[in-house]
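**Student:** What follows is coords.txt, compact mmCIF, C-alpha atoms.
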# COMPACT_ATOMS: atom_id res chain seq x y z
CA MET A 131 -18.88 70.34 245.64
CA PHE A 132 -20.86 67.24 246.58
CA GLU A 133 -20.14 65.50 243.25
CA GLU A 134 -16.40 65.98 243.86
CA LEU A 135 -16.81 64.73 247.43
CA ASN A 136 -18.67 61.60 246.33
CA LEU A 137 -16.10 60.92 243.62
CA ALA A 138 -13.18 61.22 246.06
CA VAL A 139 -14.84 58.87 248.58
CA ASP A 140 -15.73 56.38 245.82
CA HIS A 141 -12.14 56.37 244.57
CA ASN A 142 -10.87 55.75 248.09
CA MET A 143 -13.23 52.79 248.55
CA LEU A 144 -12.19 51.37 245.17
CA VAL A 145 -8.53 51.57 246.19
CA MET A 146 -9.30 49.69 249.42
CA GLU A 147 -11.15 46.97 247.51
CA THR A 148 -8.33 46.72 244.96
CA LEU A 149 -5.77 46.31 247.74
CA ARG A 150 -7.78 43.43 249.23
CA ASN A 151 -8.27 41.70 245.89
CA VAL A 152 -4.66 41.99 244.74
CA ALA A 153 -3.38 40.73 248.10
CA ASP A 154 -5.74 37.75 247.95
CA ARG A 155 -4.66 36.96 244.40
CA HIS A 156 -1.06 36.57 245.58
CA GLY A 157 -1.82 34.60 248.73
CA PHE A 158 -1.62 37.54 251.11
CA VAL A 159 -4.12 39.35 253.33
CA CYS A 160 -4.34 43.14 253.12
CA LEU A 161 -4.66 44.51 256.65
CA LEU A 162 -6.72 47.70 256.82
CA HIS A 163 -6.69 47.54 260.62
CA GLU A 164 -5.77 50.85 262.24
CA LYS A 165 -3.31 49.38 264.73
CA PRO A 166 -2.14 45.87 263.80
CA PHE A 167 1.11 46.16 265.79
CA ALA A 168 1.45 47.54 269.31
CA GLY A 169 4.05 50.26 269.71
CA VAL A 170 4.29 50.86 265.97
CA ASN A 171 2.67 53.64 263.98
CA GLY A 172 -0.81 52.71 262.88
CA SER A 173 -2.78 53.57 259.77
CA GLY A 174 -5.41 56.25 259.27
CA LYS A 175 -6.86 58.53 256.63
CA HIS A 176 -6.36 62.23 256.07
CA ASN A 177 -9.70 63.59 254.94
CA ASN A 178 -8.96 66.82 253.06
CA TRP A 179 -12.05 68.99 253.28
CA SER A 180 -13.00 72.43 252.02
CA VAL A 181 -16.18 74.26 251.08
CA ALA A 182 -16.82 75.96 247.73
CA TYR A 183 -19.39 78.17 246.04
CA ASP A 184 -19.49 77.68 242.28
CA ASP A 185 -15.79 77.62 241.36
CA LYS A 186 -14.62 79.64 244.39
CA ASN A 187 -12.94 77.89 247.31
CA LEU A 188 -14.28 79.71 250.36
CA LEU A 189 -11.26 78.61 252.39
CA ASP A 190 -8.88 80.47 250.07
CA PRO A 191 -7.92 83.67 251.93
CA GLY A 192 -7.87 85.67 248.69
CA LYS A 193 -5.99 88.89 247.95
CA ASN A 194 -8.50 91.63 248.72
CA PRO A 195 -10.54 92.72 251.77
CA GLN A 196 -13.83 91.37 250.41
CA ASP A 197 -12.36 87.91 249.85
CA ASN A 198 -10.75 88.12 253.29
CA ALA A 199 -14.12 88.87 254.87
CA ILE A 200 -15.69 85.82 253.20
CA PHE A 201 -12.78 83.62 254.23
CA LEU A 202 -12.89 84.83 257.85
CA ALA A 203 -16.66 84.32 258.08
CA VAL A 204 -16.35 80.75 256.78
CA LEU A 205 -13.40 80.13 259.10
CA ALA A 206 -15.42 81.42 262.05
CA SER A 207 -18.27 79.08 261.11
CA ILE A 208 -15.92 76.10 261.11
CA ILE A 209 -14.27 77.01 264.42
CA ARG A 210 -17.71 77.41 265.99
CA ALA A 211 -18.89 74.11 264.49
CA VAL A 212 -15.95 72.06 265.74
CA ASP A 213 -16.14 73.59 269.20
CA LEU A 214 -19.89 73.09 269.62
CA HIS A 215 -20.07 69.70 267.95
CA ALA A 216 -16.71 68.07 268.75
CA ASP A 217 -18.56 65.16 270.33
CA ILE A 218 -20.49 64.15 267.20
CA LEU A 219 -17.42 64.73 265.00
CA ARG A 220 -15.46 62.35 267.24
CA ALA A 221 -18.33 59.85 266.90
CA ALA A 222 -17.75 59.84 263.14
CA THR A 223 -14.27 58.36 263.71
CA ALA A 224 -15.24 55.76 266.33
CA GLY A 225 -14.34 52.11 265.81
CA ALA A 226 -12.68 49.17 267.51
CA GLY A 227 -9.48 49.50 265.47
CA ASN A 228 -9.29 53.29 265.74
CA ASP A 229 -9.49 53.08 269.54
CA HIS A 230 -6.00 51.56 269.46
CA ARG A 231 -4.73 54.33 267.16
CA LEU A 232 -6.10 57.67 268.35
CA GLY A 233 -3.71 59.16 270.85
CA ALA A 234 -0.97 56.61 270.20
CA ASN A 235 2.29 57.07 268.31
CA GLU A 236 1.69 59.03 265.10
CA ALA A 237 -2.07 59.38 265.44
CA PRO A 238 -3.86 62.54 266.54
CA PRO A 239 -5.43 62.46 269.99
CA SER A 240 -9.08 61.66 270.65
CA ILE A 241 -9.47 65.30 271.74
CA LEU A 242 -10.82 67.39 268.85
CA SER A 243 -8.89 70.62 268.36
CA ILE A 244 -8.03 72.89 265.42
CA PHE A 245 -4.53 73.79 264.23
CA LEU A 246 -4.42 77.15 262.41
CA GLY A 247 -0.72 77.97 262.49
CA ASP A 248 0.86 81.00 264.12
CA GLU A 249 0.08 83.43 261.28
CA LEU A 250 -3.66 82.76 261.09
CA THR A 251 -3.98 82.52 264.87
CA SER A 252 -2.36 85.96 265.06
CA VAL A 253 -4.97 87.29 262.62
CA ILE A 254 -7.77 85.98 264.83
CA ASP A 255 -6.13 87.49 267.91
CA ARG A 256 -5.95 90.87 266.17
CA ILE A 257 -9.64 90.72 265.24
CA GLU A 258 -10.58 89.71 268.77
CA ARG A 259 -8.61 92.60 270.25
CA GLY A 260 -10.35 95.06 267.93
CA SER A 261 -10.18 98.68 269.02
CA ARG A 262 -8.56 97.63 272.30
CA ALA A 263 -5.30 96.79 270.55
CA GLU A 264 -2.45 98.73 272.11
CA ASP A 265 0.57 97.07 270.49
CA ALA A 266 1.65 99.19 267.53
CA LYS A 267 3.59 96.27 266.09
CA THR A 268 0.46 94.10 265.87
CA PRO A 269 -2.47 96.49 265.37
CA SER A 270 -6.06 95.31 265.12
CA LEU A 271 -7.27 94.04 261.77
CA ARG A 272 -10.37 95.65 260.27
CA VAL A 273 -12.59 93.08 258.56
CA GLY A 274 -13.56 94.06 255.02
CA VAL A 275 -11.05 96.91 255.03
CA ASP A 276 -7.59 95.48 255.62
CA THR A 277 -5.95 92.79 253.53
CA LEU A 278 -4.75 89.71 255.36
CA PRO A 279 -1.01 89.27 255.67
CA PRO A 280 0.42 86.51 253.45
CA LEU A 281 -0.41 83.09 254.88
CA PRO A 282 1.68 79.96 254.22
CA ARG A 283 0.11 78.15 251.29
CA ASP A 284 0.58 74.68 252.72
CA THR A 285 1.17 74.01 256.41
CA THR A 286 0.51 70.27 256.12
CA ASP A 287 3.68 69.13 257.86
CA ARG A 288 3.91 71.85 260.47
CA ASN A 289 1.88 70.03 263.08
CA ARG A 290 1.20 66.35 262.53
CA THR A 291 -0.30 65.94 266.00
CA SER A 292 -3.45 67.96 265.28
CA PRO A 293 -6.64 66.09 264.35
CA PHE A 294 -8.07 69.02 262.33
CA ALA A 295 -5.48 71.26 260.70
CA PHE A 296 -5.80 74.21 258.32
CA THR A 297 -3.37 73.62 255.46
CA GLY A 298 -3.51 76.75 253.35
CA ASN A 299 -6.88 76.49 251.57
CA LYS A 300 -8.51 73.45 253.19
CA PHE A 301 -8.72 71.52 256.43
CA GLU A 302 -7.12 68.15 256.89
CA PHE A 303 -9.06 65.88 259.24
CA ARG A 304 -6.63 63.20 260.40
CA ALA A 305 -8.75 61.22 262.87
CA PRO A 306 -10.61 58.81 260.50
CA GLY A 307 -9.36 55.23 260.64
CA SER A 308 -7.83 53.36 257.72
CA SER A 309 -10.76 50.94 257.46
CA GLN A 310 -13.41 53.69 257.50
CA ASN A 311 -15.61 55.06 254.75
CA CYS A 312 -15.05 58.83 254.80
CA ALA A 313 -18.55 59.51 253.49
CA GLY A 314 -19.85 59.41 257.07
CA VAL A 315 -17.11 61.74 258.27
CA CYS A 316 -17.86 64.25 255.51
CA MET A 317 -21.59 64.02 256.24
CA VAL A 318 -20.98 65.05 259.84
CA LEU A 319 -18.54 67.82 258.86
CA ASN A 320 -20.97 69.22 256.31
CA THR A 321 -23.86 69.09 258.77
CA ILE A 322 -22.19 70.83 261.69
CA VAL A 323 -20.62 73.51 259.47
CA ALA A 324 -23.96 74.10 257.70
CA GLU A 325 -25.59 74.73 261.08
CA SER A 326 -22.86 77.22 261.99
CA MET A 327 -23.07 78.98 258.64
CA GLU A 328 -26.82 79.35 259.12
CA ALA A 329 -26.29 80.87 262.56
CA LEU A 330 -23.74 83.37 261.23
CA ALA A 331 -25.84 84.12 258.14
CA ASP A 332 -28.84 84.95 260.33
CA ALA A 333 -26.74 87.40 262.32
CA ILE A 334 -25.05 88.90 259.26
CA GLY A 335 -28.40 89.30 257.47
CA LYS A 336 -29.56 91.74 260.15
CA LEU A 337 -26.61 94.11 259.67
CA PRO A 338 -27.31 97.57 258.21
CA LYS A 339 -25.54 98.18 254.90
CA GLU A 340 -24.00 101.44 256.02
CA HIS A 341 -22.18 99.73 258.91
CA PHE A 342 -21.77 96.26 257.43
CA ASN A 343 -18.02 95.86 257.88
CA GLU A 344 -18.11 97.04 261.48
CA GLY A 345 -21.04 94.77 262.24
CA LEU A 346 -19.39 91.75 260.61
CA GLU A 347 -16.22 92.41 262.57
CA LYS A 348 -18.22 92.50 265.79
CA ILE A 349 -19.91 89.17 264.95
CA LEU A 350 -16.60 87.49 264.10
CA ARG A 351 -14.98 88.90 267.22
CA ALA A 352 -17.70 87.33 269.36
CA VAL A 353 -17.41 83.96 267.60
CA PHE A 354 -13.63 83.86 267.95
CA LYS A 355 -13.84 84.87 271.60
CA ASP A 356 -16.52 82.29 272.44
CA HIS A 357 -14.97 79.36 270.58
CA LYS A 358 -11.20 79.94 270.50
CA ARG A 359 -10.73 77.25 273.18
CA VAL A 360 -10.77 74.66 270.38
CA ILE A 361 -7.72 76.26 268.69
CA PHE A 362 -4.45 74.59 269.68
CA ASN A 363 -1.17 74.82 267.78
CA GLY A 364 0.99 72.83 270.20
CA ASP A 365 1.89 69.16 270.70
CA GLY A 366 -1.32 67.15 270.68
CA TYR A 367 0.53 64.05 271.90
CA SER A 368 1.63 65.57 275.19
CA GLU A 369 0.11 64.83 278.58
CA GLU A 370 0.15 68.58 279.19
CA TRP A 371 -2.36 69.02 276.37
CA VAL A 372 -4.66 66.39 277.87
CA ALA A 373 -4.69 68.38 281.11
CA GLU A 374 -5.04 71.71 279.29
CA ALA A 375 -7.92 70.39 277.14
CA ALA A 376 -9.73 69.25 280.28
CA ARG A 377 -9.24 72.71 281.77
CA ARG A 378 -10.72 74.23 278.62
CA GLY A 379 -13.69 71.89 278.84
CA LEU A 380 -12.97 69.99 275.61
CA PRO A 381 -14.34 66.42 275.49
CA ASN A 382 -11.89 63.50 275.47
CA LEU A 383 -13.87 60.48 274.29
CA ARG A 384 -11.29 57.70 274.33
CA THR A 385 -13.33 54.61 273.53
CA THR A 386 -15.94 53.75 270.93
CA PRO A 387 -18.85 53.45 273.42
CA GLU A 388 -17.94 56.87 274.85
CA ALA A 389 -17.54 58.34 271.37
CA LEU A 390 -20.82 56.93 270.01
CA ALA A 391 -22.94 58.00 273.00
CA PRO A 392 -23.33 61.60 271.69
CA MET A 393 -25.27 60.21 268.72
CA LEU A 394 -28.19 59.81 271.13
CA ALA A 395 -27.81 63.24 272.75
CA ARG A 396 -30.88 65.41 272.21
CA LYS A 397 -28.86 68.32 270.83
CA ASN A 398 -27.37 66.11 268.11
CA LEU A 399 -30.66 64.39 267.30
CA ASP A 400 -32.23 67.82 266.89
CA LEU A 401 -29.28 69.12 264.85
CA PHE A 402 -29.40 66.37 262.22
CA ALA A 403 -33.18 66.53 262.04
CA LYS A 404 -33.19 70.32 261.64
CA GLU A 405 -30.65 70.10 258.81
CA GLY A 406 -32.71 67.43 257.07
CA VAL A 407 -29.87 64.89 257.20
CA LEU A 408 -31.06 62.14 259.55
CA LEU A 409 -34.21 61.63 261.56
CA PRO A 410 -33.84 60.79 265.27
CA THR A 411 -34.90 57.21 264.53
CA GLU A 412 -32.20 56.99 261.86
CA MET A 413 -29.57 58.31 264.27
CA GLU A 414 -30.67 55.82 266.91
CA SER A 415 -30.59 53.00 264.36
CA ARG A 416 -27.06 53.92 263.28
CA HIS A 417 -25.93 54.06 266.89
CA GLY A 418 -27.26 50.55 267.40
CA VAL A 419 -25.57 49.25 264.25
CA PHE A 420 -22.23 50.87 265.13
CA MET A 421 -22.31 49.53 268.69
CA GLU A 422 -23.21 46.06 267.45
CA GLU A 423 -20.32 46.17 264.98
CA TYR A 424 -17.94 47.30 267.73
CA GLU A 425 -19.04 44.55 270.11
CA ARG A 426 -18.82 41.96 267.33
CA LYS A 427 -15.25 42.96 266.43
CA VAL A 428 -14.10 42.97 270.05
CA THR A 429 -15.71 39.56 270.60
CA ILE A 430 -14.09 38.13 267.46
CA GLU A 431 -10.69 39.39 268.57
CA GLY A 432 -11.25 37.91 272.03
CA LYS A 433 -12.29 34.50 270.67
CA ALA A 434 -9.41 34.44 268.19
CA ALA A 435 -6.91 35.34 270.93
CA LEU A 436 -8.29 32.67 273.25
CA GLU A 437 -8.09 30.00 270.57
CA MET A 438 -4.54 30.99 269.63
CA ALA A 439 -3.43 31.08 273.25
CA ARG A 440 -4.80 27.62 274.01
CA SER A 441 -4.08 25.79 270.75
CA LEU A 442 -0.79 27.41 269.73
CA ILE A 443 0.91 29.33 272.54
CA GLU A 444 0.20 27.04 275.50
CA PRO A 445 1.44 23.84 273.75
CA ALA A 446 4.62 25.61 272.61
CA ALA A 447 5.33 27.03 276.06
CA THR A 448 4.58 23.66 277.68
CA ALA A 449 7.02 21.94 275.33
CA GLU A 450 9.69 24.50 276.14
CA PHE A 451 9.02 24.10 279.86
CA GLY A 452 9.28 20.31 279.54
CA ALA A 453 12.55 20.51 277.62
CA VAL A 454 14.10 22.83 280.19
CA CYS A 455 12.94 20.65 283.09
CA LYS A 456 14.34 17.57 281.35
CA ALA A 457 17.68 19.35 280.92
CA VAL A 458 17.79 19.94 284.68
CA GLU A 459 16.99 16.28 285.39
CA THR A 460 19.57 15.01 282.89
CA ALA A 461 22.31 17.26 284.27
CA ARG A 462 21.71 16.06 287.81
CA ALA A 463 21.46 12.44 286.70
CA ILE A 464 24.99 12.56 285.32
CA GLY A 465 26.31 14.60 288.25
CA VAL A 466 26.62 17.98 286.54
CA GLU A 467 25.75 20.95 288.76
CA ALA A 468 27.22 23.79 286.70
CA GLY A 469 24.44 25.80 285.07
CA VAL A 470 21.67 23.85 286.76
CA ALA A 471 20.64 26.80 288.92
CA SER A 472 20.39 29.05 285.89
CA VAL A 473 18.39 26.53 283.88
CA ARG A 474 16.13 25.93 286.87
CA GLU A 475 15.47 29.68 287.02
CA VAL A 476 14.48 29.59 283.34
CA ALA A 477 12.11 26.72 284.09
CA GLU A 478 10.53 28.67 286.94
CA THR A 479 10.07 31.70 284.68
CA LEU A 480 8.38 29.53 282.06
CA GLY A 481 6.26 27.86 284.74
CA ARG A 482 5.03 31.19 286.06
CA GLY A 483 4.25 32.24 282.50
CA LEU A 484 2.23 29.05 281.94
CA ASP A 485 0.31 29.57 285.19
CA ALA A 486 -0.50 33.16 284.18
CA LEU A 487 -1.46 32.06 280.67
CA HIS A 488 -3.85 29.42 282.00
CA ALA A 489 -5.48 31.86 284.44
CA GLN A 490 -5.79 34.64 281.88
CA CYS A 491 -7.31 32.34 279.28
CA ALA A 492 -9.94 31.39 281.86
CA ALA A 493 -10.54 35.08 282.62
CA LEU A 494 -10.92 35.92 278.94
CA GLU A 495 -13.34 33.02 278.45
CA ARG A 496 -15.47 34.37 281.31
CA ALA A 497 -15.37 37.87 279.84
CA LEU A 498 -16.52 36.77 276.38
CA GLY A 499 -20.16 37.48 275.85
CA GLY A 500 -20.07 40.25 278.42
CA ASP A 501 -19.20 43.92 278.27
CA PRO A 502 -16.55 44.79 275.61
CA ALA A 503 -14.55 46.67 278.23
CA GLY A 504 -14.13 43.43 280.19
CA ILE A 505 -13.02 41.58 277.07
CA LEU A 506 -10.47 44.27 276.23
CA ALA A 507 -9.08 44.27 279.77
CA ALA A 508 -8.72 40.47 279.72
CA LEU A 509 -7.11 40.68 276.27
CA ALA A 510 -4.58 43.23 277.51
CA ASP A 511 -3.55 41.00 280.42
CA LEU A 512 -3.26 37.96 278.16
CA ARG A 513 -1.23 39.94 275.64
CA LYS A 514 1.42 40.86 278.23
CA THR A 515 1.93 37.23 279.23
CA VAL A 516 2.08 35.99 275.63
CA ASP A 517 4.58 38.72 274.71
CA LYS A 518 6.84 37.59 277.57
CA LEU A 519 6.54 33.93 276.57
CA GLU A 520 7.43 34.90 273.01
CA GLU A 521 10.75 36.17 274.34
CA ASP A 522 11.37 33.04 276.44
CA VAL A 523 10.35 30.23 274.08
CA ASP A 524 12.78 28.86 271.49
CA ASP A 525 12.17 30.26 267.99
CA ALA A 526 11.96 26.72 266.62
CA ARG A 527 9.04 25.92 268.94
CA TRP A 528 7.13 29.18 268.59
CA PRO A 529 4.26 28.31 266.23
CA ILE A 530 3.64 31.71 264.64
CA PRO A 531 5.95 34.48 263.35
CA LYS A 532 7.49 36.44 266.18
CA TYR A 533 7.20 40.21 266.32
CA ARG A 534 10.72 40.74 265.09
CA ASP A 535 10.09 38.44 262.13
CA MET A 536 7.10 40.48 261.06
CA LEU A 537 8.51 43.93 261.67
CA PHE A 538 12.14 43.64 260.64
CA VAL A 539 13.81 42.33 257.51
CA TYR A 540 17.17 40.68 258.05
Any chance you could put this one into structure tokens?
**Tutor:**
Amino acid sequence: MFEELNLAVDHNMLVMETLRNVADRHGFVCLLHEKPFAGVNGSGKHNNWSVAYDDKNLLDPGKNPQDNAIFLAVLASIIRAVDLHADILRAATAGAGNDHRLGANEAPPSILSIFLGDELTSVIDRIERGSRAEDAKTPSLRVGVDTLPPLPRDTTDRNRTSPFAFTGNKFEFRAPGSSQNCAGVCMVLNTIVAESMEALADAIGKLPKEHFNEGLEKILRAVFKDHKRVIFNGDGYSEEWVAEAARRGLPNLRTTPEALAPMLARKNLDLFAKEGVLLPTEMESRHGVFMEEYERKVTIEGKAALEMARSLIEPAATAEFGAVCKAVETARAIGVEAGVASVREVAETLGRGLDALHAQCAALERALGGDPAGILAALADLRKTVDKLEEDVDDARWPIPKYRDMLFVY
């Protein structure tokens, strides 16, 4: 299992490096940024993950009651793991670029939930109801005795808004960013699921052989009941889900600092130490490195934006403003009044844009070196003004490709 995992991650990293090298060879730059264009679908990775024993995929439902029981026990472990450890799983996807992607356009939300599909969710509901089931059309399902109903083999495209979706015989984790190394994501997934499997194994190991199936069913029923809040098959993009997730008590860690904070939580430090994955000092060190990387990227973006605004955008907008003002003066000098009011209005619009640009550049300069949140807020304000100036300044004067030039081919 781990050899296959390492190979898949290595191949992915080799593809990323090849993309960069080939682009450079032809005079291009390969952008692996998660959200290079506002309002346009970003770029992420779909980390397909399953767990196997020898040559048996434990997430394959199988065709007999014994296989079903194994599948349901593994599924219960995963549901429990994601519910209990959603915070540290979200931390594995944190990054400056991914903050712009998660919860926007095509990307899954920053709320961790599990999509199972209607058929598998119905199976869990039937197990949870147990002997209390009263609907003859959907009777309870006896673990280790009944065979599961046929499940769709691949539900990949049935809900693209879910961050963690069951797709027939594996889970597809869609939250990692396009620039990320999925080894860290898989490390966290393996750790939290291992802890859950240990918890279930301890409980299952105490069951008497003569009542094993009934005991296993009782254990699974309790797990599904306690952790089903993380199961959601609806629209993960909707504002209704944000409100519903809050009602369920699911964490919504929107920014990298929020998402990385759980790395220092005692429960997570203890978890990774207990599983022999990372010592508390190693977790703390990684948190420091990740935060430093985040702050460095935000600062670089802020400095680059400030330099572009002052050395490229401001001169172009000033030239446009001067040309429009000169047109007003020329028209009046030769006694032409038609159109002067309109042109004067354009000049005032450009003037207000220049005033805002100057003030926002100063605000961004003050923010640099401070808290990343202040830099990002100043960047957002500056971006709005520059976007408006891009619409108002003549194409011939605008010093860089405009949005429409980059996004549309004529």
**Student:** Find the residues near Ala435 in chain A: any atom within 9 Å, counting all atoms listed in the file, skip ones fewer than 6 places away on the same chain, and give them as a list in words.
**Tutor:**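 Final neighbour list, sorted by chain and number: Cys491, Leu494, Leu509, Leu512 and Arg513 of chain A.
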**Student:** Could you produce a table of the residues of range 366-409 of chain A lying within 12 Å of range 302-320 of chain A, with the nearest pair of atoms per residue and their separation in Å rounded to one decimal, using only C-alpha atoms, ordered by chain and increasing residue number, as JSON lines?
**Tutor:**
{"residue": "A:Met393", "atom": "CA", "partner": "A:Val318", "partner_atom": "CA", "distance": 11.0}
{"residue": "A:Asn398", "atom": "CA", "partner": "A:Val318", "partner_atom": "CA", "distance": 10.5}
{"residue": "A:Leu401", "atom": "CA", "partner": "A:Val318", "partner_atom": "CA", "distance": 10.5}
{"residue": "A:Phe402", "atom": "CA", "partner": "A:Val318", "partner_atom": "CA", "distance": 8.8}
{"residue": "A:Glu405", "atom": "CA", "partner": "A:Asn320", "partner_atom": "CA", "distance": 10.0}
{"residue": "A:Gly406", "atom": "CA", "partner": "A:Met317", "partner_atom": "CA", "distance": 11.7}
{"residue": "A:Val407", "atom": "CA", "partner": "A:Met317", "partner_atom": "CA", "distance": 8.4}
{"residue": "A:Leu408", "atom": "CA", "partner": "A:Met317", "partner_atom": "CA", "distance": 10.2}
**Student:** Hey, can you spit out that residue selection with C-alpha atoms as a PDB file, keeping the file's coordinate frame?
**Tutor:**
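File produced: result07.pdb:
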ATOM      1  CA  MET A 393     -25.270  60.210 268.720  1.00  0.00           C
ATOM      2  CA  ASN A 398     -27.370  66.110 268.110  1.00  0.00           C
ATOM      3  CA  LEU A 401     -29.280  69.120 264.850  1.00  0.00           C
ATOM      4  CA  PHE A 402     -29.400  66.370 262.220  1.00  0.00           C
ATOM      5  CA  GLU A 405     -30.650  70.100 258.810  1.00  0.00           C
ATOM      6  CA  GLY A 406     -32.710  67.430 257.070  1.00  0.00           C
ATOM      7  CA  VAL A 407     -29.870  64.890 257.200  1.00  0.00           C
ATOM      8  CA  LEU A 408     -31.060  62.140 259.550  1.00  0.00           C
TER       9      LEU A 408
END
**Student:** Would you work out the distance separating CA of Leu383 in chain A from CA of Ala224 in chain A, expressed in Å to one decimal?
**Tutor:** 9.4 Å
**Student:** How would you write as a list in words the residues that get within 12 Å of (7.1, 25.7, 265.9) in the file's frame, counting all atoms listed in the file?
**Tutor:**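 Output: Leu442, Ile443, Glu444, Pro445, Ala446, Ala447, Ala449, Glu450, Glu520, Val523, Asp524, Asp525, Ala526, Arg527, Trp528, Pro529, Ile530, Pro531 and Lys532 of chain A.
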**Student:** Identify the residues within 9 Å of coordinate (-18.0, 76.1, 262.2) (same frame as the file), considering all atoms listed in the file, and give the answer as a PyMOL selection string.
**Tutor:** chain A and resi 204-215+319+322-327
**Student:** Identify which of the residues A:Leu409, A:Val428, A:Leu232, A:Val253 lies closest to Asp501 in chain A, counting all atoms listed in the file when measuring atom-to-atom distances.
**Tutor:**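 Of the candidates, the smallest distance to Asp501 in chain A is held by A:Val428.
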**Student:** So, with all atoms listed in the file as the atoms that count, which of A:Ser368, A:Asn363, A:Asn187, A:Thr297 lies closest to Pro239 in chain A?
**Tutor:** A:Ser368
**Student:** How many Å lie between CA of Ala138 in chain A and CA of Ala222 in chain A, rounded to one decimal?
**Tutor:**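 The value is 17.7 Å.
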**Student:** Between A:Arg482, A:Arg220, A:Lys336, A:Arg155, which one has atoms that come closest to Leu242 in chain A, using only C-alpha atoms?
**Tutor:**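 The closest residue to Leu242 in chain A is A:Arg220.
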**Student:** Mind giving me the straight-line distance from CA of Met413 in chain A to CA of Leu394 in chain A in Å, one decimal?
**Tutor:** 7.2 Å
**Student:** Leaving out Gly345 in chain A and any residue of its chain fewer than 2 positions from it, which residues lie within 12 Å of it when counting only C-alpha atoms, given as a list of chain:residue names?
**Tutor:**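 Listed by chain and then number, they are A:Ala199, A:Arg272, A:Val273, A:Gly274, A:Leu330, A:Ala333, A:Ile334, A:Gly335, A:Lys336, A:Leu337, A:Pro338, A:Lys339, A:Glu340, A:His341, A:Phe342, A:Asn343, A:Glu347, A:Lys348, A:Ile349, A:Leu350, A:Arg351, A:Ala352.
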**Student:** Go through A:Pro387, A:Gly192, A:Gly366, A:Gly432 one by one, measure the shortest atom-to-atom distance of each to Asn299 in chain A using all atoms listed in the file, and give the residue with the smallest value.
**Tutor:**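 Ranked by minimum distance to Asn299 in chain A, first place goes to A:Gly192.
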**Student:** For Ile361 in chain A, which residue among A:Ile430, A:Met438, A:Ile241, A:Glu344 is the nearest when counting all atoms listed in the file?
**Tutor:**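 Under the stated criterion, the closest residue is A:Ile241.
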**Student:** Between A:Val360, A:Asn177, A:Glu431, A:Asp140, which is the closest to Gly227 in chain A once you count all atoms listed in the file?
**Tutor:** A:Glu431
**Student:** What box, with edges along x, y and z, holds each listed atom of range 293-307 of chain A when 5 Å is added on every side, and can you state its centre and edge lengths in Å to one decimal, as lines of an AutoDock Vina configuration file?
**Tutor:**
center_x = -7.0
center_y = 66.0
center_z = 258.0
size_x = 17.2
size_y = 31.5
size_z = 22.8
**Student:** Tell me which protein, DNA and RNA residues are within 9 Å of Gly364 in chain A, counting all atoms listed in the file, leaving out same-chain ones fewer than 3 positions away, and put them as number ranges by chain.
**Tutor:** A: 245, 289, 291-292, 367-368, 371
**Student:** Generate the coordinates of N, CA and C atoms for range 155-165 of chain A; report them as a PDB file, in the frame of the given file.
**Tutor:**
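So the final result, stored in out_38.pdb, reads:
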ATOM      1  N   ARG A 155      -5.113  37.624 245.631  1.00  0.00           N
ATOM      2  CA  ARG A 155      -4.660  36.960 244.400  1.00  0.00           C
ATOM      3  C   ARG A 155      -3.248  36.398 244.557  1.00  0.00           C
ATOM      4  N   HIS A 156      -2.452  37.018 245.398  1.00  0.00           N
ATOM      5  CA  HIS A 156      -1.060  36.570 245.580  1.00  0.00           C
ATOM      6  C   HIS A 156      -0.852  35.821 246.893  1.00  0.00           C
ATOM      7  N   GLY A 157      -1.947  35.395 247.513  1.00  0.00           N
ATOM      8  CA  GLY A 157      -1.820  34.600 248.730  1.00  0.00           C
ATOM      9  C   GLY A 157      -1.550  35.399 249.979  1.00  0.00           C
ATOM     10  N   PHE A 158      -1.817  36.690 249.940  1.00  0.00           N
ATOM     11  CA  PHE A 158      -1.620  37.540 251.110  1.00  0.00           C
ATOM     12  C   PHE A 158      -2.970  38.022 251.628  1.00  0.00           C
ATOM     13  N   VAL A 159      -2.936  38.675 252.791  1.00  0.00           N
ATOM     14  CA  VAL A 159      -4.120  39.350 253.330  1.00  0.00           C
ATOM     15  C   VAL A 159      -3.765  40.814 253.524  1.00  0.00           C
ATOM     16  N   CYS A 160      -4.564  41.701 252.966  1.00  0.00           N
ATOM     17  CA  CYS A 160      -4.340  43.140 253.120  1.00  0.00           C
ATOM     18  C   CYS A 160      -4.975  43.592 254.424  1.00  0.00           C
ATOM     19  N   LEU A 161      -4.160  44.029 255.369  1.00  0.00           N
ATOM     20  CA  LEU A 161      -4.660  44.510 256.650  1.00  0.00           C
ATOM     21  C   LEU A 161      -5.022  45.990 256.537  1.00  0.00           C
ATOM     22  N   LEU A 162      -6.288  46.309 256.757  1.00  0.00           N
ATOM     23  CA  LEU A 162      -6.720  47.700 256.820  1.00  0.00           C
ATOM     24  C   LEU A 162      -6.983  48.110 258.268  1.00  0.00           C
ATOM     25  N   HIS A 163      -6.516  47.263 259.190  1.00  0.00           N
ATOM     26  CA  HIS A 163      -6.690  47.540 260.620  1.00  0.00           C
ATOM     27  C   HIS A 163      -5.862  48.774 260.995  1.00  0.00           C
ATOM     28  N   GLU A 164      -6.441  49.600 261.874  1.00  0.00           N
ATOM     29  CA  GLU A 164      -5.770  50.850 262.240  1.00  0.00           C
ATOM     30  C   GLU A 164      -4.524  50.648 263.084  1.00  0.00           C
ATOM     31  N   LYS A 165      -4.447  49.558 263.821  1.00  0.00           N
ATOM     32  CA  LYS A 165      -3.310  49.380 264.730  1.00  0.00           C
ATOM     33  C   LYS A 165      -2.957  47.908 264.825  1.00  0.00           C
TER      34      LYS A 165
END
